[in-house]
file input02.tsv (TSV, C-alpha atoms)
chain	number	residue	atom	x	y	z
U	208	MET	CA	0.00	0.00	0.00
U	209	ASN	CA	1.54	3.28	-1.03
U	210	LEU	CA	1.42	6.45	1.02
U	211	PHE	CA	-1.57	7.84	-0.85
U	212	ASP	CA	-3.52	4.68	-0.22
U	213	GLN	CA	-2.62	4.77	3.47
U	214	ILE	CA	-4.04	8.27	3.75
U	215	ILE	CA	-7.16	7.43	1.80
U	216	ALA	CA	-7.73	4.53	4.09
U	217	VAL	CA	-8.03	6.98	6.98
U	218	TYR	CA	-9.67	9.83	5.10
U	219	PRO	CA	-11.74	8.39	2.26
U	220	GLU	CA	-12.99	11.86	1.40
U	221	LEU	CA	-9.54	12.59	-0.08
U	222	ALA	CA	-9.82	9.85	-2.67
U	223	ASP	CA	-10.70	12.22	-5.49
U	224	GLY	CA	-7.21	13.67	-5.14
U	225	ARG	CA	-8.41	17.29	-5.10
U	226	PHE	CA	-6.44	18.22	-1.99
U	227	PHE	CA	-3.38	16.60	-3.44
U	228	ASN	CA	-3.73	18.26	-6.79
U	229	ASP	CA	-3.96	21.73	-5.23
U	230	CYS	CA	-1.05	20.99	-2.91
U	231	THR	CA	-3.00	21.19	0.30
U	232	ILE	CA	-1.32	17.89	0.90
U	233	VAL	CA	1.98	17.23	-0.78
U	234	LEU	CA	3.40	13.78	-1.04
U	235	GLN	CA	6.94	13.79	-2.29
U	236	ASP	CA	9.51	11.26	-3.43
U	237	ASP	CA	13.05	12.55	-3.85
U	238	SER	CA	14.10	9.47	-5.83
U	239	ASP	CA	16.74	8.81	-3.22
U	240	GLY	CA	15.58	5.35	-2.30
U	241	PHE	CA	13.72	6.40	0.82
U	242	GLY	CA	10.34	6.43	-0.88
U	243	ALA	CA	7.48	8.89	-0.56
U	244	TYR	CA	6.86	11.05	2.47
U	245	ILE	CA	4.47	13.78	3.51
U	246	ALA	CA	6.14	17.05	2.58
U	247	LYS	CA	3.20	19.28	3.39
U	248	TRP	CA	0.01	18.75	5.33
U	249	ASP	CA	-2.45	21.64	5.39
U	250	TYR	CA	-5.54	19.49	5.50
U	251	GLU	CA	-7.96	20.35	8.26
U	252	LYS	CA	-7.60	16.95	9.89
U	253	PRO	CA	-4.42	15.65	11.48
U	254	ILE	CA	-1.90	13.45	9.84
U	255	PRO	CA	-3.08	9.87	10.18
U	256	LYS	CA	-1.62	7.97	13.08
U	257	GLY	CA	1.50	6.11	12.10
U	258	LEU	CA	2.46	8.70	9.48
U	259	LYS	CA	4.57	11.78	9.97
U	260	LEU	CA	5.51	15.02	8.31
U	261	GLY	CA	8.81	14.95	6.50
U	262	LYS	CA	11.22	12.14	5.92
O	114	MET	CA	138.88	116.40	-19.30
O	115	HIS	CA	135.77	114.63	-20.52
O	116	SER	CA	134.10	111.38	-19.61
O	117	THR	CA	132.28	108.96	-21.93
O	118	THR	CA	128.54	108.84	-21.59
O	119	ASN	CA	128.01	105.17	-20.57
O	120	PHE	CA	131.14	104.08	-18.74
O	121	GLY	CA	132.62	107.40	-17.61
O	122	TRP	CA	135.93	106.69	-19.15
O	123	THR	CA	138.21	109.77	-19.00
O	124	THR	CA	139.15	111.26	-22.32
O	125	PRO	CA	140.64	114.62	-23.33
O	126	ALA	CA	138.17	117.39	-24.02
O	127	ASP	CA	137.81	118.62	-27.57
O	128	THR	CA	139.79	121.74	-26.79
O	129	ASP	CA	142.60	120.08	-24.84
O	130	TYR	CA	146.08	120.12	-26.27
O	131	VAL	CA	147.62	116.81	-26.82
O	132	LYS	CA	150.69	117.46	-24.84
O	133	ASP	CA	150.64	114.25	-22.92
O	134	GLY	CA	148.82	111.83	-25.28
O	135	ALA	CA	150.39	108.71	-23.94
O	136	SER	CA	149.11	109.47	-20.44
O	137	ALA	CA	145.63	110.18	-21.73
O	138	ILE	CA	145.58	106.95	-23.70
O	139	ARG	CA	146.73	104.99	-20.67
O	140	THR	CA	144.02	106.60	-18.54
O	141	LEU	CA	141.33	105.68	-21.09
O	142	ALA	CA	142.68	102.19	-21.57
O	143	GLY	CA	142.80	101.71	-17.82
O	144	GLY	CA	139.14	102.69	-17.54
O	145	ILE	CA	138.20	100.33	-20.33
O	146	ASP	CA	140.26	97.54	-18.85
O	147	THR	CA	138.59	98.00	-15.48
O	148	SER	CA	135.09	98.02	-17.00
O	149	MET	CA	135.71	94.91	-19.09
O	150	ALA	CA	137.52	93.01	-16.38
O	151	GLN	CA	134.58	90.67	-15.67
O	152	LEU	CA	134.22	89.78	-19.35
O	153	LYS	CA	137.56	88.18	-19.22
O	154	GLY	CA	137.95	84.48	-18.70
O	155	GLY	CA	135.44	81.73	-19.25
O	156	THR	CA	135.79	78.47	-21.02
O	157	THR	CA	134.36	76.86	-24.08
O	158	GLY	CA	130.61	76.60	-23.93
O	159	GLN	CA	130.28	79.03	-21.04
O	160	VAL	CA	128.02	81.99	-21.26
O	161	LEU	CA	127.94	85.29	-19.48
O	162	SER	CA	125.52	85.66	-16.68
O	163	LYS	CA	124.69	88.79	-14.72
O	164	THR	CA	126.15	88.61	-11.23
O	165	ASN	CA	123.97	91.38	-9.83
O	166	GLY	CA	122.30	94.57	-10.95
O	167	THR	CA	125.48	96.56	-11.21
O	168	ASP	CA	126.59	97.62	-14.68
O	169	MET	CA	129.15	95.33	-16.21
O	170	SER	CA	128.84	92.85	-13.38
O	171	PHE	CA	129.11	89.49	-15.12
O	172	THR	CA	130.35	86.04	-14.52
O	173	TRP	CA	131.03	83.14	-16.80
O	174	VAL	CA	128.74	80.18	-16.17
O	175	THR	CA	128.17	76.82	-17.79
O	176	PRO	CA	124.58	76.37	-19.15
O	177	GLN	CA	122.57	73.76	-17.19
O	178	VAL	CA	121.76	70.51	-18.99
O	179	GLY	CA	118.05	70.41	-19.97
O	180	ASP	CA	117.59	74.01	-20.53
O	181	ILE	CA	115.05	74.63	-23.26
O	182	THR	CA	116.57	74.65	-26.64
O	183	SER	CA	113.35	74.01	-28.53
O	184	VAL	CA	109.59	73.85	-27.90
O	185	GLY	CA	107.74	71.08	-29.68
O	186	VAL	CA	103.98	70.70	-29.52
O	187	THR	CA	101.40	68.08	-30.32
O	188	SER	CA	97.68	68.47	-30.86
O	189	PRO	CA	95.73	70.17	-29.47
O	190	LEU	CA	98.68	72.53	-28.94
O	191	THR	CA	99.93	74.48	-31.90
O	192	GLY	CA	103.05	76.62	-32.50
O	193	GLY	CA	106.40	75.96	-30.81
O	194	GLY	CA	109.85	76.24	-32.37
O	195	THR	CA	113.60	76.19	-31.79
O	196	THR	CA	114.58	79.79	-32.40
O	197	GLY	CA	113.32	83.23	-31.70
O	198	ASP	CA	110.09	83.92	-29.84
O	199	VAL	CA	108.21	80.77	-29.43
O	200	THR	CA	104.40	80.95	-29.35
O	201	ILE	CA	102.12	78.12	-28.52
O	202	ALA	CA	98.30	77.98	-28.61
O	203	ILE	CA	95.58	75.40	-28.04
O	204	GLN	CA	92.89	74.47	-30.51
O	205	ASP	CA	89.21	74.58	-29.65
O	206	GLY	CA	87.88	71.20	-28.68
O	207	THR	CA	85.29	69.48	-30.83
O	208	THR	CA	83.84	65.99	-30.91
O	209	ALA	CA	86.64	65.13	-33.32
O	210	GLN	CA	89.44	67.14	-31.79
O	211	LYS	CA	90.92	67.46	-28.34
O	212	GLY	CA	91.29	71.03	-27.24
O	213	ALA	CA	90.16	73.92	-25.11
O	214	VAL	CA	86.52	73.77	-24.15
O	215	GLN	CA	84.36	76.52	-22.79
O	216	LEU	CA	82.13	75.75	-19.83
O	217	GLU	CA	78.42	76.30	-20.09
O	218	ASP	CA	76.07	76.37	-17.13
O	219	SER	CA	73.00	74.90	-18.70
O	220	THR	CA	70.85	71.80	-18.63
O	221	SER	CA	69.12	72.64	-21.85
O	222	SER	CA	72.04	73.39	-24.16
O	223	THR	CA	72.50	71.18	-27.18
O	224	SER	CA	76.04	72.33	-27.82
O	225	THR	CA	78.51	69.72	-28.93
O	226	THR	CA	81.57	71.86	-28.32
O	227	LYS	CA	81.02	73.15	-24.77
O	228	ALA	CA	81.39	71.40	-21.44
O	229	ALA	CA	78.90	71.36	-18.57
O	230	THR	CA	79.64	73.11	-15.33
O	231	PRO	CA	79.43	71.16	-12.08
O	232	ASN	CA	76.25	73.09	-11.36
O	233	SER	CA	74.55	71.91	-14.51
O	234	VAL	CA	75.81	68.39	-13.87
O	235	LYS	CA	74.25	68.52	-10.40
O	236	SER	CA	70.98	69.74	-11.83
O	237	ALA	CA	70.98	66.81	-14.24
O	238	TYR	CA	71.94	64.45	-11.42
O	239	ASP	CA	69.12	65.68	-9.23
O	240	LEU	CA	66.64	65.02	-12.03
O	241	ALA	CA	68.09	61.60	-12.68
O	242	ASN	CA	68.10	60.80	-8.98
O	243	GLY	CA	64.38	61.46	-8.86
O	244	ALA	CA	63.63	59.33	-11.88
O	245	ILE	CA	62.50	55.69	-11.83
O	246	ALA	CA	65.36	53.35	-12.57
O	247	LYS	CA	64.72	50.90	-15.36
O	248	SER	CA	66.54	48.28	-13.30
O	249	LEU	CA	63.42	48.15	-11.18
O	250	VAL	CA	61.73	45.92	-13.73
O	251	ASP	CA	62.96	42.41	-14.35
O	252	ALA	CA	60.81	40.73	-16.92
O	253	LYS	CA	58.56	41.27	-19.86
O	254	GLY	CA	55.27	42.72	-18.79
O	255	ASP	CA	56.41	44.03	-15.43
O	256	ILE	CA	54.83	47.32	-14.49
O	257	ILE	CA	55.65	49.94	-11.89
O	258	ALA	CA	53.10	51.15	-9.41
O	259	ALA	CA	53.16	53.47	-6.44
O	260	THR	CA	53.19	51.91	-2.99
O	261	ALA	CA	53.06	55.26	-1.25
O	262	ASP	CA	53.80	58.92	-1.86
O	263	ASN	CA	56.97	59.19	-3.95
O	264	THR	CA	57.53	55.44	-3.63
O	265	VAL	CA	57.25	52.88	-6.38
O	266	ALA	CA	57.53	49.13	-6.68
O	267	ARG	CA	57.54	46.49	-9.38
O	268	VAL	CA	54.38	44.56	-10.06
O	269	ALA	CA	55.19	41.35	-11.87
O	270	VAL	CA	53.19	40.51	-14.93
O	271	GLY	CA	50.18	38.28	-14.44
O	272	THR	CA	49.23	35.27	-16.46
O	273	ASP	CA	47.68	35.34	-19.88
O	274	GLY	CA	44.15	36.64	-19.84
O	275	GLN	CA	44.36	38.30	-16.46
O	276	VAL	CA	43.47	41.95	-16.04
O	277	LEU	CA	44.92	44.60	-13.77
O	278	THR	CA	42.58	45.14	-10.88
O	279	ALA	CA	42.56	47.69	-8.08
O	280	ASP	CA	43.25	45.94	-4.81
O	281	SER	CA	43.78	47.97	-1.67
O	282	ALA	CA	45.07	44.90	0.13
O	283	SER	CA	48.04	44.66	-2.21
O	284	SER	CA	51.13	46.70	-1.40
O	285	ALA	CA	51.03	48.38	-4.80
O	286	GLY	CA	47.28	48.84	-4.72
O	287	VAL	CA	46.79	46.78	-7.84
O	288	LYS	CA	47.07	43.14	-8.77
O	289	TRP	CA	46.65	40.91	-11.76
O	290	ALA	CA	43.46	38.90	-11.49
O	291	THR	CA	41.32	36.72	-13.62
O	292	ALA	CA	38.81	38.80	-15.44
O	293	SER	CA	35.20	38.42	-14.53
O	294	SER	CA	33.79	35.95	-16.91
O	295	SER	CA	30.99	37.05	-19.16
O	296	SER	CA	29.64	33.57	-19.20
O	297	GLY	CA	28.54	31.07	-16.65
O	298	PRO	CA	27.50	27.49	-16.21
O	299	THR	CA	25.24	25.74	-18.61
O	300	PHE	CA	24.08	22.19	-18.93
O	301	SER	CA	21.60	20.12	-20.83
O	302	ALA	CA	20.44	16.67	-19.91
O	303	TYR	CA	17.62	14.33	-20.79
O	304	SER	CA	16.19	11.02	-19.65
O	305	ASP	CA	16.29	7.99	-21.82
O	306	THR	CA	14.88	5.61	-19.28
O	307	GLN	CA	11.28	4.74	-18.65
O	308	ARG	CA	10.48	4.90	-14.98
O	309	THR	CA	7.38	4.25	-13.00
O	310	ILE	CA	6.36	6.83	-10.46
O	311	THR	CA	3.60	6.81	-7.96
O	312	SER	CA	0.45	8.76	-8.54
O	313	THR	CA	-0.41	11.79	-6.40
O	314	THR	CA	3.20	12.04	-5.38
O	315	TRP	CA	5.62	14.75	-6.43
O	316	THR	CA	8.55	12.68	-7.59
O	317	LYS	CA	11.96	13.93	-8.55
O	318	VAL	CA	12.64	13.23	-12.18
O	319	GLY	CA	15.88	11.38	-12.73
O	320	ILE	CA	17.42	12.98	-15.76
O	321	GLU	CA	20.68	11.20	-16.27
O	322	VAL	CA	22.04	11.68	-19.77
O	323	GLU	CA	24.10	14.86	-20.18
O	324	ASP	CA	24.48	16.61	-23.50
O	325	TRP	CA	26.86	19.00	-21.86
O	326	ASP	CA	27.68	20.29	-18.39
O	327	SER	CA	30.15	23.14	-18.71
O	328	ASP	CA	31.03	23.50	-15.06
O	329	SER	CA	29.99	20.15	-13.66
O	330	CYS	CA	27.17	21.82	-11.81
O	331	TYR	CA	24.61	19.16	-12.66
O	332	ASN	CA	24.52	15.86	-10.81
O	333	ASN	CA	23.22	13.26	-13.23
O	334	SER	CA	23.72	10.17	-11.13
O	335	SER	CA	22.10	10.57	-7.72
O	336	THR	CA	20.65	13.92	-6.75
O	337	TYR	CA	19.79	15.14	-10.26
O	338	ARG	CA	20.40	18.64	-9.02
O	339	PHE	CA	21.68	21.67	-10.82
O	340	THR	CA	23.78	23.63	-8.31
O	341	PRO	CA	25.30	26.55	-10.23
O	342	ASN	CA	28.66	27.77	-9.02
O	343	LYS	CA	28.21	31.29	-10.25
O	344	ALA	CA	25.68	33.73	-8.89
O	345	GLY	CA	23.26	35.27	-11.28
O	346	TYR	CA	20.07	34.85	-13.20
O	347	TYR	CA	19.50	31.64	-15.07
O	348	GLN	CA	17.18	30.56	-17.80
O	349	ILE	CA	15.99	27.10	-16.88
O	350	ASN	CA	14.06	24.89	-19.24
O	351	TYR	CA	12.50	21.62	-18.18
O	352	GLY	CA	10.00	19.20	-19.50
O	353	CYS	CA	8.56	15.82	-18.75
O	354	VAL	CA	6.42	13.20	-20.33
O	355	ILE	CA	3.74	11.77	-18.08
O	356	GLU	CA	1.94	8.92	-19.72
O	357	ALA	CA	-1.17	7.24	-18.40
O	358	GLY	CA	-1.30	9.99	-15.83
O	359	GLY	CA	-4.78	9.64	-14.53
O	360	THR	CA	-6.81	12.78	-13.92
O	361	LEU	CA	-4.02	15.34	-13.80
O	362	ALA	CA	-0.40	15.72	-14.72
O	363	GLN	CA	1.94	18.43	-13.66
O	364	VAL	CA	5.61	19.29	-13.71
O	365	ALA	CA	7.40	21.74	-11.45
O	366	LEU	CA	10.84	23.24	-10.92
O	367	TYR	CA	12.01	22.91	-7.34
O	368	LYS	CA	14.45	25.33	-5.78
O	369	ASN	CA	16.25	24.25	-2.64
O	370	GLY	CA	13.82	21.40	-2.12
O	371	SER	CA	10.61	23.34	-2.52
O	372	ASN	CA	8.26	23.94	-5.38
O	373	TYR	CA	9.42	27.13	-7.07
O	374	HIS	CA	7.77	27.17	-10.46
O	375	PHE	CA	4.80	25.20	-11.62
O	376	GLY	CA	5.11	24.11	-15.16
O	377	PHE	CA	2.52	22.78	-17.52
O	378	ARG	CA	-0.59	21.39	-15.86
O	379	SER	CA	-2.98	19.16	-17.71
O	380	THR	CA	-6.08	17.22	-16.96
O	381	THR	CA	-5.59	15.01	-19.94
O	382	LEU	CA	-3.49	11.92	-20.24
O	383	ASN	CA	-0.16	11.37	-21.96
O	384	VAL	CA	1.14	14.86	-21.32
O	385	TRP	CA	4.34	16.16	-22.86
O	386	SER	CA	5.14	19.38	-21.13
O	387	SER	CA	7.85	21.88	-21.84
O	388	ASN	CA	8.47	24.74	-19.49
O	389	GLY	CA	10.88	27.57	-18.86
O	390	THR	CA	11.51	30.23	-16.29
O	391	LEU	CA	14.09	32.70	-15.12
O	392	VAL	CA	15.48	32.17	-11.65
O	393	TYR	CA	18.19	33.62	-9.47
O	394	ALA	CA	20.86	31.44	-7.93
O	395	ASN	CA	23.40	32.54	-5.33
O	396	GLY	CA	26.17	30.52	-6.92
O	397	SER	CA	26.84	28.40	-3.88
O	398	THR	CA	23.97	26.75	-2.05
O	399	ASP	CA	20.98	27.24	-4.33
O	400	TYR	CA	20.01	24.17	-6.31
O	401	PHE	CA	17.28	23.17	-8.70
O	402	GLU	CA	15.45	19.93	-9.48
O	403	VAL	CA	12.56	18.80	-11.64
O	404	TYR	CA	9.58	17.08	-10.08
O	405	ALA	CA	6.65	15.42	-11.79
O	406	TYR	CA	3.20	14.83	-10.43
O	407	PRO	CA	0.84	12.29	-11.92
O	408	GLY	CA	-2.66	12.93	-10.75
O	409	THR	CA	-5.01	10.65	-8.99
O	410	SER	CA	-5.08	7.24	-10.44
O	411	THR	CA	-5.02	3.74	-9.27
O	412	GLY	CA	-2.31	3.05	-11.73
O	413	THR	CA	1.14	4.53	-12.18
O	414	THR	CA	2.76	7.04	-14.38
O	415	ASN	CA	6.06	6.99	-16.19
O	416	TRP	CA	8.14	9.40	-18.16
O	417	GLY	CA	9.49	8.86	-21.58
O	418	SER	CA	12.69	9.09	-23.53
O	419	ASP	CA	13.90	10.83	-26.70
O	420	ARG	CA	14.60	14.11	-24.92
O	421	LYS	CA	10.92	14.54	-24.12
O	422	THR	CA	12.00	14.64	-20.50
O	423	PHE	CA	14.77	17.14	-20.18
O	424	PHE	CA	16.43	19.68	-17.92
O	425	GLN	CA	18.53	22.60	-19.13
O	426	ALA	CA	19.97	25.79	-17.67
O	427	VAL	CA	22.17	28.62	-18.79
O	428	TRP	CA	23.61	31.58	-16.92
O	429	VAL	CA	22.16	34.79	-18.34
O	430	ARG	CA	23.69	37.56	-16.32
O	431	SER	CA	24.96	38.46	-12.87
call {"tool": "encode", "arguments": {"input": "input02.tsv", "output": "structure tokens"}}
result
Amino acid sequence: MNLFDQIIAVYPELADGRFFNDCTIVLQDDSDGFGAYIAKWDYEKPIPKGLKLGK
Amino acid sequence: MHSTTNFGWTTPADTDYVKDGASAIRTLAGGIDTSMAQLKGGTTGQVLSKTNGTDMSFTWVTPQVGDITSVGVTSPLTGGGTTGDVTIAIQDGTTAQKGAVQLEDSTSSTSTTKAATPNSVKSAYDLANGAIAKSLVDAKGDIIAATADNTVARVAVGTDGQVLTADSASSAGVKWATASSSSGPTFSAYSDTQRTITSTTWTKVGIEVEDWDSDSCYNNSSTYRFTPNKAGYYQINYGCVIEAGGTLAQVALYKNGSNYHFGFRSTTLNVWSSNGTLVYANGSTDYFEVYAYPGTSTGTTNWGSDRKTFFQAVWVRS
């Protein structure tokens, strides 16, 4: 399950990707082998438990 | 009785009678004999020499060896001789002839026949003493610069292409330095590898094939960053192919790890975007990267080859 899917699992209302497309939430992969991480989280609800901001 | 004018010898007067001629003759002869007494004698080669200031006071002397018997001259003297009055003179000196030279107290004369006075020599010396000696320079290209009031020093030539630059930290106030370049870094790279990236995730685009990289400012193997080493404004072009991108595809230029410039944004699939912007870089820590964003999709997105995905930059100005 990728990071997007983990978030959608907690907040199904984000499934249409709108908040990702407008950069309210930014998932980022620096192609450095560490995978994707949450680079920005401006969504009104907190970051899902088990996830964190930044690498 | 009568006496002769010069020697006072006694002779009869014109009116005297010659009644005792023999006595008169003996008297005259005695006077003459007395007067001429010092002329008597001498030997061969001797000459008469006055003994004192008294009339007829002579003595025979032998001439001293070395006494002048002739006057000979050589140039620049003229005249001379062995008899009579001897006159000698000296010719005027010229550049071709030794001789008498007139002094001239001048530092501006152009005469070629006069000689300088010590005063004019000193004036010339003083000027020369205040001049810069050519021995101060040692090699081709050396220049002379002031290090302080009335003080100069040699500044050795720089290397080819350098320019003379004011530098208050240098003793001479100037130094040779590399001229500011009118150009800066440039690079061009593209991706020739298909990669799969995750949807809804801003993913750094690995652009690994360099066309050129003038100053090795682009990392094409790990970070895929352009970190220019010269401050200034840069034209940056970037593009990316996002195929099977779902509902939205977007490309952005990142500066120092953050989204700086959004490029082409599309809600269609199979997007080939090409973007450009002008940015400023500090020439040390600022860096740039290309990120791609495939929109929401259950699938994945990849980027293509054939220079459809590319990254370029060129320094424009400081």
call {"tool": "axis_aligned_box", "arguments": {"input": "input02.tsv", "around": "range 307-317 of chain O", "padding_each_side": "5 Å", "output": "AutoDock Vina command-line options"}}
result
--center_x 5.8 --center_y 9.5 --center_z -12.0 --size_x 22.4 --size_y 20.5 --size_z 23.3
call {"tool": "residues_around", "arguments": {"input": "input02.tsv", "residues": "Asn228 in chain U", "least_positions_apart": "3", "cutoff": "9 Å", "atoms": "all atoms listed in the file", "output": "list in words"}}
result
Gly224, Arg225, Thr231, Ile232 and Val233 of chain U; Thr313, Leu361, Ala362, Gln363, Tyr406, Gly408 and Thr409 of chain O
call {"tool": "residues_around", "arguments": {"input": "input02.tsv", "residues": "Ala222 in chain U", "least_positions_apart": "6", "cutoff": "9 Å", "atoms": "only C-alpha atoms", "output": "list in words"}}
result
Phe211, Asp212, Ile214, Ile215 and Ala216 of chain U; Thr409 of chain O
call {"tool": "write_last_selection", "arguments": {"input": "input02.tsv", "atoms": "C-alpha atoms", "output": "compact mmCIF listing (two decimals), in the coordinates of the input"}}
result
# COMPACT_ATOMS: atom_id res chain seq x y z
CA PHE U 211 -1.57 7.84 -0.85
CA ASP U 212 -3.52 4.68 -0.22
CA ILE U 214 -4.04 8.27 3.75
CA ILE U 215 -7.16 7.43 1.80
CA ALA U 216 -7.73 4.53 4.09
CA THR O 409 -5.01 10.65 -8.99
call {"tool": "interface_residues", "arguments": {"input": "input02.tsv", "of": "chain U", "to": "chain O", "cutoff": "7 Å", "atoms": "only C-alpha atoms", "output": "list in words"}}
result
Phe211, Asp223, Gly224, Phe227, Asn228, Leu234, Gln235, Asp236, Asp237 and Ser238 of chain U
call {"tool": "write_last_selection", "arguments": {"input": "input02.tsv", "atoms": "C-alpha atoms", "output": "short mmCIF file (atom, residue, chain, number, x, y, z; two decimals), in the coordinates of the input"}}
result
data_model
loop_
_atom_site.label_atom_id
_atom_site.label_comp_id
_atom_site.auth_asym_id
_atom_site.auth_seq_id
_atom_site.Cartn_x
_atom_site.Cartn_y
_atom_site.Cartn_z
CA PHE U 211 -1.57 7.84 -0.85
CA ASP U 223 -10.70 12.22 -5.49
CA GLY U 224 -7.21 13.67 -5.14
CA PHE U 227 -3.38 16.60 -3.44
CA ASN U 228 -3.73 18.26 -6.79
CA LEU U 234 3.40 13.78 -1.04
CA GLN U 235 6.94 13.79 -2.29
CA ASP U 236 9.51 11.26 -3.43
CA ASP U 237 13.05 12.55 -3.85
CA SER U 238 14.10 9.47 -5.83
#
call {"tool": "residues_around", "arguments": {"input": "input02.tsv", "residues": "Met114 in chain O", "least_positions_apart": "2", "cutoff": "7 Å", "atoms": "all atoms listed in the file", "output": "PyMOL selection string"}}
result
chain O and resi 116+123-126
call {"tool": "closest_residue", "arguments": {"input": "input02.tsv", "among": "U:Asp239, U:Cys230, U:Tyr218, U:Tyr244", "to": "Leu258 in chain U", "atoms": "only C-alpha atoms"}}
result
U:Tyr244
call {"tool": "atom_distance", "arguments": {"input": "input02.tsv", "atom1": "CA of Gly185 in chain O", "atom2": "CA of Asp198 in chain O"}}
result
13.1 Å
call {"tool": "atom_distance", "arguments": {"input": "input02.tsv", "atom1": "CA of Ile254 in chain U", "atom2": "CA of Met208 in chain U"}}
result
16.8 Å
call {"tool": "atom_distance", "arguments": {"input": "input02.tsv", "atom1": "CA of Ala285 in chain O", "atom2": "CA of Gly254 in chain O"}}
result
15.7 Å
call {"tool": "residues_around", "arguments": {"input": "input02.tsv", "residues": "Lys262 in chain U", "least_positions_apart": "3", "cutoff": "8 Å", "atoms": "only C-alpha atoms", "output": "list in words"}}
result
Tyr244, Ile245, Ala246 and Lys259 of chain U
call {"tool": "residues_around", "arguments": {"input": "input02.tsv", "residues": "range 350-354 of chain O", "least_positions_apart": "3", "cutoff": "7 Å", "atoms": "only C-alpha atoms", "output": "JSON, numbers by chain"}}
result
{"O": [364, 384, 385, 386, 387, 388, 389, 390, 416, 417, 421, 422, 423, 424, 425, 426]}
call {"tool": "closest_residue", "arguments": {"input": "input02.tsv", "among": "O:Gly396, O:Pro189, O:Gly144, O:Gly271", "to": "Val214 in chain O", "atoms": "only C-alpha atoms"}}
result
O:Pro189
call {"tool": "residues_near_point", "arguments": {"input": "input02.tsv", "point": "(136.4, 98.2, -21.1)", "cutoff": "12 Å", "atoms": "all atoms listed in the file", "output": "PyMOL selection string"}}
result
chain O and resi 117+119-123+140-153+168-169
call {"tool": "closest_residue", "arguments": {"input": "input02.tsv", "among": "O:Val270, O:Ala302, O:Ile138, O:Ala290", "to": "Asp324 in chain O", "atoms": "only C-alpha atoms"}}
result
O:Ala302
call {"tool": "residues_near_point", "arguments": {"input": "input02.tsv", "point": "(4.2, 17.4, 8.8)", "cutoff": "6 Å", "atoms": "all atoms listed in the file", "output": "ChimeraX atom specification"}}
result
/U:247-248,259-261
